[in-house]
>>> print(open('structure-v4.pdb').read())   # PDB, C-alpha atoms, pLDDT in the B column
ATOM      1  CA  MET A   1     106.267  -7.307  70.941  1.00 49.00           C
ATOM      2  CA  ASP A   2     109.036  -5.388  69.161  1.00 51.00           C
ATOM      3  CA  ASN A   3     109.632  -1.623  68.658  1.00 52.00           C
ATOM      4  CA  ASP A   4     107.648  -1.481  65.392  1.00 50.00           C
ATOM      5  CA  ASP A   5     104.241  -1.279  67.148  1.00 50.00           C
ATOM      6  CA  SER A   6     103.423   1.916  65.224  1.00 49.00           C
ATOM      7  CA  LEU A   7     103.674   0.015  61.943  1.00 50.00           C
ATOM      8  CA  ALA A   8     101.582  -2.961  63.027  1.00 49.00           C
ATOM      9  CA  PRO A   9      97.964  -3.218  61.839  1.00 50.00           C
ATOM     10  CA  VAL A  10      95.416  -1.554  64.096  1.00 49.00           C
ATOM     11  CA  ASP A  11      92.756  -3.794  65.712  1.00 50.00           C
ATOM     12  CA  GLY A  12      90.103  -4.603  63.193  1.00 49.00           C
ATOM     13  CA  GLU A  13      92.399  -4.103  60.213  1.00 50.00           C
ATOM     14  CA  GLY A  14      93.923  -7.541  60.227  1.00 50.00           C
ATOM     15  CA  SER A  15      93.589 -10.661  62.346  1.00 51.00           C
ATOM     16  CA  SER A  16      97.040 -12.081  61.827  1.00 52.00           C
ATOM     17  CA  PRO A  17      99.855 -11.156  64.208  1.00 56.00           C
ATOM     18  CA  ALA A  18     102.576  -8.780  62.988  1.00 58.00           C
ATOM     19  CA  ALA A  19     105.204 -10.419  60.820  1.00 58.00           C
ATOM     20  CA  PRO A  20     108.638 -10.800  62.422  1.00 57.00           C
ATOM     21  CA  PRO A  21     111.272  -8.303  61.266  1.00 57.00           C
ATOM     22  CA  PRO A  22     113.471  -9.343  58.341  1.00 56.00           C
ATOM     23  CA  ALA A  23     116.670 -11.195  59.193  1.00 57.00           C
ATOM     24  CA  THR A  24     118.907  -8.583  57.522  1.00 56.00           C
ATOM     25  CA  PRO A  25     118.335  -4.935  58.400  1.00 55.00           C
ATOM     26  CA  SER A  26     117.405  -2.847  55.390  1.00 56.00           C
ATOM     27  CA  VAL A  27     117.919   0.877  54.962  1.00 55.00           C
ATOM     28  CA  PRO A  28     114.631   2.478  53.989  1.00 50.00           C
ATOM     29  CA  SER A  29     114.703   4.795  50.982  1.00 60.00           C
ATOM     30  CA  VAL A  30     111.959   7.008  52.453  1.00 58.00           C
ATOM     31  CA  PRO A  31     111.369   8.143  56.019  1.00 57.00           C
ATOM     32  CA  GLN A  32     109.116   5.866  58.048  1.00 60.00           C
ATOM     33  CA  VAL A  33     105.912   7.438  59.326  1.00 57.00           C
ATOM     34  CA  ALA A  34     103.559   5.972  61.903  1.00 64.00           C
ATOM     35  CA  MET A  35     100.203   4.676  60.648  1.00 68.00           C
ATOM     36  CA  GLY A  36      97.606   7.389  60.296  1.00 66.00           C
ATOM     37  CA  GLN A  37     100.192  10.172  59.909  1.00 62.00           C
ATOM     38  CA  ALA A  38     100.675  12.037  56.651  1.00 63.00           C
ATOM     39  CA  MET A  39     104.031  11.944  54.971  1.00 57.00           C
ATOM     40  CA  PRO A  40     105.739  15.361  55.115  1.00 57.00           C
ATOM     41  CA  GLU A  41     105.931  17.293  51.851  1.00 59.00           C
ATOM     42  CA  THR A  42     109.589  17.121  50.883  1.00 56.00           C
ATOM     43  CA  ARG A  43     109.528  19.547  47.968  1.00 59.00           C
ATOM     44  CA  HIS A  44     108.543  22.608  50.032  1.00 55.00           C
ATOM     45  CA  LEU A  45     110.379  22.373  53.332  1.00 49.00           C
ATOM     46  CA  PRO A  46     110.885  25.700  55.130  1.00 51.00           C
ATOM     47  CA  THR A  47     114.425  27.051  55.132  1.00 49.00           C
ATOM     48  CA  LEU A  48     115.883  29.402  57.725  1.00 49.00           C
ATOM     49  CA  LEU A  49     117.980  32.174  56.248  1.00 48.00           C
ATOM     50  CA  PRO A  50     120.624  34.072  58.214  1.00 45.00           C
ATOM     51  CA  THR A  51     119.673  37.652  59.075  1.00 40.00           C
ATOM     52  CA  VAL A  52     122.004  40.558  58.597  1.00 38.00           C
ATOM     53  CA  GLN A  53     122.302  42.541  61.824  1.00 41.00           C
ATOM     54  CA  ALA A  54     124.767  45.188  60.742  1.00 41.00           C
ATOM     55  CA  ILE A  55     126.399  46.609  57.692  1.00 40.00           C
ATOM     56  CA  ALA A  56     129.880  45.110  57.465  1.00 42.00           C
ATOM     57  CA  ALA A  57     132.714  47.589  57.399  1.00 40.00           C
ATOM     58  CA  GLU A  58     134.471  47.652  54.048  1.00 45.00           C
ATOM     59  CA  GLY A  59     137.779  45.817  53.944  1.00 44.00           C
ATOM     60  CA  ARG A  60     137.160  43.833  57.117  1.00 45.00           C
ATOM     61  CA  GLY A  61     136.295  40.225  57.641  1.00 44.00           C
ATOM     62  CA  SER A  62     133.696  40.937  60.292  1.00 47.00           C
ATOM     63  CA  ALA A  63     131.841  44.011  61.491  1.00 61.00           C
ATOM     64  CA  ASN A  64     132.654  45.452  64.904  1.00 86.00           C
ATOM     65  CA  VAL A  65     129.215  46.606  66.117  1.00 87.00           C
ATOM     66  CA  SER A  66     128.453  48.234  69.466  1.00 90.00           C
ATOM     67  CA  THR A  67     124.914  48.673  70.802  1.00 92.00           C
ATOM     68  CA  LEU A  68     123.430  50.902  73.501  1.00 93.00           C
ATOM     69  CA  GLY A  69     120.156  49.139  74.237  1.00 92.00           C
ATOM     70  CA  GLN A  70     116.750  50.603  74.980  1.00 93.00           C
ATOM     71  CA  GLY A  71     116.459  51.710  78.607  1.00 93.00           C
ATOM     72  CA  LEU A  72     120.208  52.370  78.940  1.00 93.00           C
ATOM     73  CA  SER A  73     121.691  55.831  79.342  1.00 94.00           C
ATOM     74  CA  PHE A  74     125.240  57.033  78.612  1.00 94.00           C
ATOM     75  CA  ILE A  75     126.753  60.374  79.639  1.00 95.00           C
ATOM     76  CA  GLY A  76     130.150  61.338  78.180  1.00 94.00           C
ATOM     77  CA  SER A  77     132.105  61.222  74.948  1.00 94.00           C
ATOM     78  CA  ALA A  78     132.637  57.961  73.075  1.00 92.00           C
ATOM     79  CA  ARG A  79     135.178  57.023  70.396  1.00 92.00           C
ATOM     80  CA  ILE A  80     134.244  53.777  68.743  1.00 91.00           C
ATOM     81  CA  ASP A  81     136.038  51.572  66.224  1.00 89.00           C
ATOM     82  CA  GLY A  82     133.361  50.040  63.997  1.00 89.00           C
ATOM     83  CA  SER A  83     129.633  50.803  64.002  1.00 93.00           C
ATOM     84  CA  LEU A  84     127.178  51.867  66.704  1.00 94.00           C
ATOM     85  CA  THR A  85     123.447  51.397  67.216  1.00 95.00           C
ATOM     86  CA  VAL A  86     121.771  53.630  69.817  1.00 96.00           C
ATOM     87  CA  SER A  87     118.388  52.526  71.154  1.00 95.00           C
ATOM     88  CA  GLY A  88     118.835  54.232  74.528  1.00 96.00           C
ATOM     89  CA  GLU A  89     119.920  57.745  75.510  1.00 97.00           C
ATOM     90  CA  VAL A  90     123.300  59.416  74.948  1.00 97.00           C
ATOM     91  CA  GLN A  91     124.290  62.803  76.356  1.00 97.00           C
ATOM     92  CA  GLY A  92     127.649  63.555  74.794  1.00 97.00           C
ATOM     93  CA  ASP A  93     129.619  63.261  71.597  1.00 97.00           C
ATOM     94  CA  ILE A  94     130.034  60.119  69.477  1.00 96.00           C
ATOM     95  CA  GLU A  95     132.949  59.697  67.082  1.00 95.00           C
ATOM     96  CA  LEU A  96     133.633  56.650  64.950  1.00 92.00           C
ATOM     97  CA  GLN A  97     137.289  55.893  64.370  1.00 85.00           C
ATOM     98  CA  GLY A  98     139.163  53.400  62.255  1.00 69.00           C
ATOM     99  CA  SER A  99     138.747  53.053  58.523  1.00 63.00           C
ATOM    100  CA  GLY A 100     135.975  55.656  58.435  1.00 64.00           C
ATOM    101  CA  SER A 101     133.420  53.283  56.944  1.00 73.00           C
ATOM    102  CA  GLY A 102     131.435  52.749  60.167  1.00 86.00           C
ATOM    103  CA  HIS A 103     127.750  53.490  60.587  1.00 94.00           C
ATOM    104  CA  VAL A 104     125.861  55.181  63.447  1.00 96.00           C
ATOM    105  CA  THR A 105     122.180  54.266  63.678  1.00 96.00           C
ATOM    106  CA  ILE A 106     119.818  56.026  66.073  1.00 97.00           C
ATOM    107  CA  THR A 107     116.747  53.775  66.358  1.00 96.00           C
ATOM    108  CA  GLN A 108     113.165  54.961  66.974  1.00 96.00           C
ATOM    109  CA  THR A 109     113.701  54.686  70.737  1.00 96.00           C
ATOM    110  CA  GLY A 110     117.167  56.297  70.607  1.00 97.00           C
ATOM    111  CA  THR A 111     118.055  59.850  71.626  1.00 97.00           C
ATOM    112  CA  VAL A 112     121.406  61.624  71.251  1.00 98.00           C
ATOM    113  CA  VAL A 113     122.073  65.082  72.666  1.00 98.00           C
ATOM    114  CA  GLY A 114     125.543  65.882  71.356  1.00 97.00           C
ATOM    115  CA  ASP A 115     127.612  65.752  68.195  1.00 98.00           C
ATOM    116  CA  ILE A 116     127.914  62.632  66.024  1.00 97.00           C
ATOM    117  CA  ARG A 117     130.878  62.223  63.654  1.00 96.00           C
ATOM    118  CA  ALA A 118     130.797  59.197  61.344  1.00 95.00           C
ATOM    119  CA  ARG A 119     131.008  58.321  57.652  1.00 93.00           C
ATOM    120  CA  ASN A 120     127.341  57.194  57.596  1.00 95.00           C
ATOM    121  CA  ILE A 121     124.547  58.276  59.950  1.00 96.00           C
ATOM    122  CA  SER A 122     120.946  57.015  60.000  1.00 97.00           C
ATOM    123  CA  VAL A 123     118.390  58.613  62.298  1.00 97.00           C
ATOM    124  CA  LEU A 124     115.017  57.126  63.160  1.00 96.00           C
ATOM    125  CA  GLY A 125     114.876  58.642  66.677  1.00 97.00           C
ATOM    126  CA  GLN A 126     115.878  62.029  68.072  1.00 97.00           C
ATOM    127  CA  THR A 127     119.112  64.019  67.828  1.00 98.00           C
ATOM    128  CA  VAL A 128     120.092  67.478  69.054  1.00 98.00           C
ATOM    129  CA  GLY A 129     123.535  68.642  67.899  1.00 98.00           C
ATOM    130  CA  THR A 130     125.776  68.294  64.876  1.00 97.00           C
ATOM    131  CA  LEU A 131     125.554  65.300  62.548  1.00 97.00           C
ATOM    132  CA  ASP A 132     128.918  65.325  60.756  1.00 96.00           C
ATOM    133  CA  ALA A 133     129.149  62.874  57.861  1.00 94.00           C
ATOM    134  CA  GLY A 134     131.413  64.992  55.674  1.00 84.00           C
ATOM    135  CA  GLY A 135     132.287  62.793  52.706  1.00 85.00           C
ATOM    136  CA  GLY A 136     129.540  60.330  53.648  1.00 92.00           C
ATOM    137  CA  ARG A 137     125.771  59.895  53.900  1.00 94.00           C
ATOM    138  CA  VAL A 138     123.068  61.064  56.316  1.00 96.00           C
ATOM    139  CA  SER A 139     119.665  59.332  56.163  1.00 96.00           C
ATOM    140  CA  LEU A 140     116.726  60.823  58.069  1.00 96.00           C
ATOM    141  CA  HIS A 141     113.660  58.601  58.276  1.00 96.00           C
ATOM    142  CA  ASP A 142     110.013  59.594  58.791  1.00 94.00           C
ATOM    143  CA  THR A 143     110.161  58.955  62.568  1.00 95.00           C
ATOM    144  CA  ALA A 144     113.278  61.137  63.034  1.00 96.00           C
ATOM    145  CA  SER A 145     113.403  64.444  64.861  1.00 97.00           C
ATOM    146  CA  VAL A 146     116.651  66.315  64.163  1.00 97.00           C
ATOM    147  CA  SER A 147     117.734  69.708  65.505  1.00 97.00           C
ATOM    148  CA  GLY A 148     121.119  71.356  65.030  1.00 97.00           C
ATOM    149  CA  ARG A 149     123.514  71.173  62.119  1.00 97.00           C
ATOM    150  CA  ILE A 150     124.083  68.537  59.424  1.00 97.00           C
ATOM    151  CA  ARG A 151     127.317  68.185  57.406  1.00 96.00           C
ATOM    152  CA  TYR A 152     126.939  65.708  54.541  1.00 96.00           C
ATOM    153  CA  THR A 153     127.962  64.734  51.048  1.00 95.00           C
ATOM    154  CA  HIS A 154     124.763  62.752  50.410  1.00 95.00           C
ATOM    155  CA  LEU A 155     121.522  63.526  52.265  1.00 95.00           C
ATOM    156  CA  GLN A 156     118.320  61.498  52.235  1.00 95.00           C
ATOM    157  CA  VAL A 157     115.246  62.859  54.035  1.00 94.00           C
ATOM    158  CA  ASN A 158     112.118  60.709  54.247  1.00 92.00           C
ATOM    159  CA  GLY A 159     109.586  62.976  55.990  1.00 88.00           C
ATOM    160  CA  ALA A 160     111.651  63.681  59.125  1.00 93.00           C
ATOM    161  CA  ASP A 161     110.984  66.537  61.549  1.00 95.00           C
ATOM    162  CA  LEU A 162     113.990  68.635  60.544  1.00 95.00           C
ATOM    163  CA  ASN A 163     115.126  71.905  62.152  1.00 96.00           C
ATOM    164  CA  ALA A 164     118.782  72.107  61.166  1.00 95.00           C
ATOM    165  CA  GLN A 165     121.374  74.087  59.269  1.00 96.00           C
ATOM    166  CA  LEU A 166     122.556  72.057  56.258  1.00 95.00           C
ATOM    167  CA  GLU A 167     126.120  72.130  54.942  1.00 95.00           C
ATOM    168  CA  ARG A 168     127.007  70.076  51.886  1.00 95.00           C
ATOM    169  CA  VAL A 169     130.609  68.888  51.832  1.00 93.00           C
ATOM    170  CA  ARG A 170     131.841  68.176  48.334  1.00 87.00           C
ATOM    171  CA  PRO A 171     133.611  64.886  47.721  1.00 79.00           C
ATOM    172  CA  GLU A 172     137.388  65.244  47.382  1.00 68.00           C
ATOM    173  CA  GLY A 173     137.305  64.673  43.592  1.00 59.00           C
ATOM    174  CA  ASP A 174     134.662  67.369  42.879  1.00 59.00           C
ATOM    175  CA  VAL A 175     137.061  70.339  43.123  1.00 53.00           C
ATOM    176  CA  ALA A 176     139.306  68.941  40.372  1.00 49.00           C
ATOM    177  CA  LYS A 177     136.305  68.141  38.124  1.00 49.00           C
ATOM    178  CA  SER A 178     134.878  71.667  38.287  1.00 47.00           C
ATOM    179  CA  GLY A 179     138.171  73.240  37.154  1.00 48.00           C
ATOM    180  CA  HIS A 180     138.577  75.355  40.309  1.00 48.00           C
ATOM    181  CA  SER A 181     141.625  75.068  42.497  1.00 44.00           C
TER     182      SER A 181
END
>>> encode(input="structure-v4.pdb", output="C-alpha coordinates")
Amino acid sequence: MDNDDSLAPVDGEGSSPAAPPPATPSVPSVPQVAMGQAMPETRHLPTLLPTVQAIAAEGRGSANVSTLGQGLSFIGSARIDGSLTVSGEVQGDIELQGSGSGHVTITQTGTVVGDIRARNISVLGQTVGTLDAGGGRVSLHDTASVSGRIRYTHLQVNGADLNAQLERVRPEGDVAKSGHS
(Lines of atoms letter the chains of each structure in order from A and count residues from 1; the text may use other names and numbers.)
(Lines give C-alpha, C1' and ligand atoms only; values in the text may rest on other atoms or scores of the structure.)
Protein backbone atom coordinates (compact mmCIF):
# COMPACT_ATOMS: atom_id res chain seq x y z
CA MET A 1 0.00 0.00 0.00
CA ASP A 2 1.23 3.55 -0.64
CA ASN A 3 1.47 6.63 1.66
CA ASP A 4 -2.05 7.86 0.81
CA ASP A 5 -3.77 5.47 3.27
CA SER A 6 -5.52 8.42 4.95
CA LEU A 7 -7.27 9.25 1.68
CA ALA A 8 -8.37 5.71 0.88
CA PRO A 9 -12.00 4.71 1.51
CA VAL A 10 -12.71 3.36 4.97
CA ASP A 11 -13.95 -0.26 5.24
CA GLY A 12 -17.59 -0.41 4.36
CA GLU A 13 -17.47 2.73 2.21
CA GLY A 14 -16.28 1.07 -0.95
CA SER A 15 -15.36 -2.44 -2.00
CA SER A 16 -12.89 -1.60 -4.72
CA PRO A 17 -9.20 -1.22 -3.89
CA ALA A 18 -7.68 2.27 -3.86
CA ALA A 19 -6.85 3.62 -7.30
CA PRO A 20 -3.13 3.86 -8.10
CA PRO A 21 -1.64 7.36 -7.92
CA PRO A 22 -1.59 9.39 -11.14
CA ALA A 23 1.47 9.00 -13.35
CA THR A 24 2.34 12.72 -13.19
CA PRO A 25 2.45 14.38 -9.78
CA SER A 26 -0.04 17.21 -9.46
CA VAL A 27 0.18 20.18 -7.13
CA PRO A 28 -3.03 20.43 -5.14
CA SER A 29 -4.70 23.84 -5.05
CA VAL A 30 -6.02 23.25 -1.52
CA PRO A 31 -4.39 21.59 1.47
CA GLN A 32 -5.06 17.87 1.76
CA VAL A 33 -6.88 16.77 4.90
CA ALA A 34 -7.29 13.21 6.13
CA MET A 35 -10.77 11.67 5.85
CA GLY A 36 -13.04 12.58 8.72
CA GLN A 37 -11.13 15.79 9.54
CA ALA A 38 -12.62 19.22 8.99
CA MET A 39 -10.89 21.62 6.68
CA PRO A 40 -9.37 24.55 8.62
CA GLU A 41 -11.10 27.91 8.23
CA THR A 42 -8.71 29.95 6.12
CA ARG A 43 -10.43 33.31 6.39
CA HIS A 44 -9.97 33.68 10.16
CA LEU A 45 -6.55 32.31 11.02
CA PRO A 46 -5.04 33.65 14.25
CA THR A 47 -2.15 36.07 13.83
CA LEU A 48 0.59 36.69 16.38
CA LEU A 49 1.46 40.34 16.81
CA PRO A 50 4.78 41.54 18.22
CA THR A 51 4.57 43.00 21.72
CA VAL A 52 6.22 46.23 22.69
CA GLN A 53 8.39 45.72 25.77
CA ALA A 54 9.79 49.21 26.17
CA ILE A 55 9.34 52.71 24.94
CA ALA A 56 12.00 53.34 22.31
CA ALA A 57 14.30 56.25 22.98
CA GLU A 58 13.75 59.08 20.53
CA GLY A 59 16.34 59.33 17.79
CA ARG A 60 17.67 55.81 18.25
CA GLY A 61 17.23 52.71 16.20
CA SER A 62 16.69 50.46 19.19
CA ALA A 63 15.94 50.99 22.86
CA ASN A 64 18.62 50.23 25.43
CA VAL A 65 16.56 48.79 28.31
CA SER A 66 17.94 47.51 31.62
CA THR A 67 15.86 45.48 34.08
CA LEU A 68 16.28 44.69 37.78
CA GLY A 69 14.03 41.66 38.17
CA GLN A 70 11.73 40.73 41.03
CA GLY A 71 13.64 39.14 43.91
CA LEU A 72 16.88 40.98 43.07
CA SER A 73 18.37 43.69 45.27
CA PHE A 74 20.84 46.45 44.34
CA ILE A 75 22.71 48.71 46.77
CA GLY A 76 24.62 51.70 45.35
CA SER A 77 24.31 54.42 42.75
CA ALA A 78 23.59 53.61 39.11
CA ARG A 79 24.06 55.70 35.96
CA ILE A 80 22.29 54.14 33.03
CA ASP A 81 22.23 54.96 29.33
CA GLY A 82 18.73 54.15 28.07
CA SER A 83 15.73 53.06 30.14
CA LEU A 84 15.34 51.07 33.36
CA THR A 85 12.61 48.85 34.78
CA VAL A 86 12.82 48.04 38.50
CA SER A 87 10.84 45.04 39.76
CA GLY A 88 13.21 44.32 42.65
CA GLU A 89 14.72 46.54 45.35
CA VAL A 90 17.15 49.44 44.94
CA GLN A 91 18.83 51.27 47.81
CA GLY A 92 20.64 54.17 46.19
CA ASP A 93 20.36 56.76 43.47
CA ILE A 94 19.40 56.13 39.83
CA GLU A 95 20.35 58.55 37.07
CA LEU A 96 19.61 58.10 33.39
CA GLN A 97 22.22 59.52 31.05
CA GLY A 98 22.46 59.94 27.31
CA SER A 99 19.92 61.80 25.23
CA GLY A 100 17.67 62.41 28.23
CA SER A 101 14.69 60.63 26.69
CA GLY A 102 14.96 57.46 28.81
CA HIS A 103 12.24 56.13 31.07
CA VAL A 104 12.41 54.71 34.61
CA THR A 105 9.55 52.38 35.53
CA ILE A 106 9.07 51.08 39.07
CA THR A 107 6.72 48.09 38.78
CA GLN A 108 4.20 46.98 41.43
CA THR A 109 6.84 44.73 43.02
CA GLY A 110 9.59 47.37 42.76
CA THR A 111 10.96 49.51 45.59
CA VAL A 112 13.48 52.36 45.36
CA VAL A 113 14.91 54.09 48.42
CA GLY A 114 16.96 56.91 46.93
CA ASP A 115 16.78 59.63 44.31
CA ILE A 116 15.70 59.00 40.71
CA ARG A 117 16.70 61.43 37.95
CA ALA A 118 15.23 60.78 34.50
CA ARG A 119 13.23 62.53 31.79
CA ASN A 120 10.21 60.24 32.39
CA ILE A 121 9.34 58.34 35.57
CA SER A 122 6.44 55.92 36.11
CA VAL A 123 5.74 54.50 39.55
CA LEU A 124 3.49 51.54 40.26
CA GLY A 125 5.47 50.35 43.32
CA GLN A 126 7.15 52.19 46.18
CA THR A 127 9.65 55.06 46.24
CA VAL A 128 11.22 57.04 49.07
CA GLY A 129 13.35 60.00 47.94
CA THR A 130 13.38 62.56 45.16
CA LEU A 131 11.79 61.88 41.78
CA ASP A 132 13.46 64.43 39.49
CA ALA A 133 11.91 64.65 36.03
CA GLY A 134 12.49 68.37 35.53
CA GLY A 135 11.43 69.08 31.95
CA GLY A 136 9.72 65.68 31.73
CA ARG A 137 6.81 63.62 33.05
CA VAL A 138 6.06 61.78 36.30
CA SER A 139 3.18 59.26 36.29
CA LEU A 140 1.95 57.83 39.60
CA HIS A 141 -0.45 54.91 39.29
CA ASP A 142 -3.08 53.70 41.77
CA THR A 143 -0.76 51.04 43.25
CA ALA A 144 2.07 53.55 43.87
CA SER A 145 3.30 54.70 47.26
CA VAL A 146 5.54 57.76 46.97
CA SER A 147 7.26 59.68 49.78
CA GLY A 148 9.75 62.52 49.39
CA ARG A 149 9.97 65.19 46.74
CA ILE A 150 8.81 65.32 43.11
CA ARG A 151 10.24 67.69 40.47
CA TYR A 152 8.22 67.62 37.25
CA THR A 153 6.98 69.53 34.25
CA HIS A 154 3.99 67.22 33.72
CA LEU A 155 2.46 65.23 36.58
CA GLN A 156 -0.18 62.52 36.35
CA VAL A 157 -1.59 61.01 39.55
CA ASN A 158 -4.03 58.11 39.32
CA GLY A 159 -5.02 57.48 42.96
CA ALA A 160 -1.50 56.93 44.33
CA ASP A 161 -0.57 57.08 48.01
CA LEU A 162 1.30 60.38 47.83
CA ASN A 163 3.21 62.07 50.67
CA ALA A 164 5.60 64.37 48.82
CA GLN A 165 6.61 67.96 48.24
CA LEU A 166 5.77 68.94 44.65
CA GLU A 167 7.89 71.32 42.57
CA ARG A 168 6.78 72.18 39.05
CA VAL A 169 9.65 72.96 36.69
CA ARG A 170 8.58 75.14 33.80
CA PRO A 171 9.61 74.08 30.32
CA GLU A 172 12.47 76.14 28.89
CA GLY A 173 10.17 78.03 26.47
CA ASP A 174 7.65 79.13 29.15
CA VAL A 175 9.78 82.00 30.53
CA ALA A 176 9.97 83.70 27.12
CA LYS A 177 6.20 83.24 26.53
CA SER A 178 5.20 84.89 29.81
CA GLY A 179 7.22 88.04 29.05
CA HIS A 180 9.44 87.71 32.15
CA SER A 181 13.18 87.49 31.88
>>> atom_distance(input="structure-v4.pdb", atom1="atom CA of Gly88 of chain A", atom2="atom CA of Asp161 of chain A")
19.5 Å
>>> resolve_selection(input="structure-v4.pdb", expression="the PyMOL selection byres ((chain A and resi 114) around 7)", output="VMD selection string")
chain A and resid 91 to 93 112 to 113 115 to 116 128 to 130
>>> closest_residue(input="structure-v4.pdb", among="A:Arg151, A:Arg119, A:His103, A:His141", to="Val169 of chain A", atoms="all atoms listed in the file")
A:Arg151
>>> residues_around(input="structure-v4.pdb", residues="segment 68-78 of chain A", least_positions_apart="4", cutoff="8 Å", atoms="only C-alpha atoms", output="number ranges by chain")
A: 84-95, 109-110
>>> residues_around(input="structure-v4.pdb", residues="Ala118 of chain A", least_positions_apart="2", cutoff="7 Å", atoms="only C-alpha atoms", output="list in words")
Glu95, Leu96, Gly100, Gly102, His103, Val104, Ile116, Asn120, Ile121, Asp132 and Ala133 of chain A
>>> build_atoms(input="structure-v4.pdb", residues="segment 142-153 of chain A", atoms="all heavy atoms", output="short mmCIF file (atom, residue, chain, number, x, y, z; two decimals), in the coordinates of the input")
data_model
loop_
_atom_site.label_atom_id
_atom_site.label_comp_id
_atom_site.auth_asym_id
_atom_site.auth_seq_id
_atom_site.Cartn_x
_atom_site.Cartn_y
_atom_site.Cartn_z
N ASP A 142 111.24 58.88 58.46
CA ASP A 142 110.01 59.59 58.79
C ASP A 142 109.75 59.71 60.29
O ASP A 142 109.02 60.58 60.72
CB ASP A 142 108.81 58.97 58.08
CG ASP A 142 108.57 57.53 58.45
OD1 ASP A 142 109.45 56.90 59.06
OD2 ASP A 142 107.48 57.00 58.13
N THR A 143 110.36 58.88 61.12
CA THR A 143 110.16 58.96 62.57
C THR A 143 111.22 59.81 63.24
O THR A 143 111.19 59.99 64.46
CB THR A 143 110.20 57.54 63.19
OG1 THR A 143 111.44 56.91 62.83
CG2 THR A 143 109.03 56.70 62.70
N ALA A 144 112.16 60.37 62.47
CA ALA A 144 113.28 61.14 63.03
C ALA A 144 112.87 62.56 63.40
O ALA A 144 112.02 63.17 62.74
CB ALA A 144 114.43 61.19 62.03
N SER A 145 113.52 63.05 64.46
CA SER A 145 113.40 64.44 64.86
C SER A 145 114.83 64.95 65.06
O SER A 145 115.53 64.50 65.96
CB SER A 145 112.59 64.56 66.16
OG SER A 145 112.58 65.90 66.60
N VAL A 146 115.26 65.87 64.18
CA VAL A 146 116.65 66.32 64.16
C VAL A 146 116.71 67.83 64.31
O VAL A 146 116.06 68.56 63.56
CB VAL A 146 117.34 65.89 62.85
CG1 VAL A 146 118.76 66.40 62.78
CG2 VAL A 146 117.30 64.37 62.70
N SER A 147 117.50 68.28 65.29
CA SER A 147 117.73 69.71 65.50
C SER A 147 119.23 69.94 65.58
O SER A 147 119.95 69.15 66.19
CB SER A 147 117.09 70.18 66.82
OG SER A 147 115.70 70.04 66.78
N GLY A 148 119.70 71.04 64.96
CA GLY A 148 121.12 71.36 65.03
C GLY A 148 121.71 71.66 63.67
O GLY A 148 121.20 72.47 62.92
N ARG A 149 122.77 70.95 63.35
CA ARG A 149 123.51 71.17 62.12
C ARG A 149 123.82 69.82 61.48
O ARG A 149 124.11 68.85 62.18
CB ARG A 149 124.81 71.89 62.47
CG ARG A 149 125.67 72.24 61.30
CD ARG A 149 126.86 73.06 61.78
NE ARG A 149 127.76 73.29 60.67
CZ ARG A 149 129.06 73.39 60.79
NH1 ARG A 149 129.62 73.31 61.97
NH2 ARG A 149 129.79 73.57 59.73
N ILE A 150 123.78 69.78 60.14
CA ILE A 150 124.08 68.54 59.42
C ILE A 150 125.13 68.84 58.36
O ILE A 150 124.93 69.69 57.50
CB ILE A 150 122.83 67.94 58.75
CG1 ILE A 150 121.76 67.64 59.80
CG2 ILE A 150 123.19 66.67 57.98
CD1 ILE A 150 120.44 67.19 59.20
N ARG A 151 126.27 68.14 58.43
CA ARG A 151 127.32 68.18 57.41
C ARG A 151 127.25 66.86 56.65
O ARG A 151 127.30 65.81 57.27
CB ARG A 151 128.70 68.36 58.03
CG ARG A 151 128.85 69.68 58.77
CD ARG A 151 130.28 69.86 59.27
NE ARG A 151 131.11 70.22 58.13
CZ ARG A 151 132.20 69.54 57.74
NH1 ARG A 151 132.60 68.48 58.39
NH2 ARG A 151 132.89 69.93 56.68
N TYR A 152 127.16 66.92 55.33
CA TYR A 152 126.94 65.71 54.54
C TYR A 152 127.52 65.87 53.15
O TYR A 152 127.76 66.97 52.69
CB TYR A 152 125.43 65.43 54.43
CG TYR A 152 124.71 66.51 53.64
CD1 TYR A 152 124.50 66.37 52.28
CD2 TYR A 152 124.29 67.67 54.26
CE1 TYR A 152 123.87 67.36 51.55
CE2 TYR A 152 123.66 68.67 53.54
CZ TYR A 152 123.45 68.51 52.19
OH TYR A 152 122.84 69.50 51.47
N THR A 153 127.71 64.74 52.49
CA THR A 153 127.96 64.73 51.05
C THR A 153 126.69 64.26 50.34
O THR A 153 126.30 64.81 49.33
CB THR A 153 129.16 63.83 50.70
OG1 THR A 153 130.32 64.39 51.32
CG2 THR A 153 129.39 63.75 49.21
#
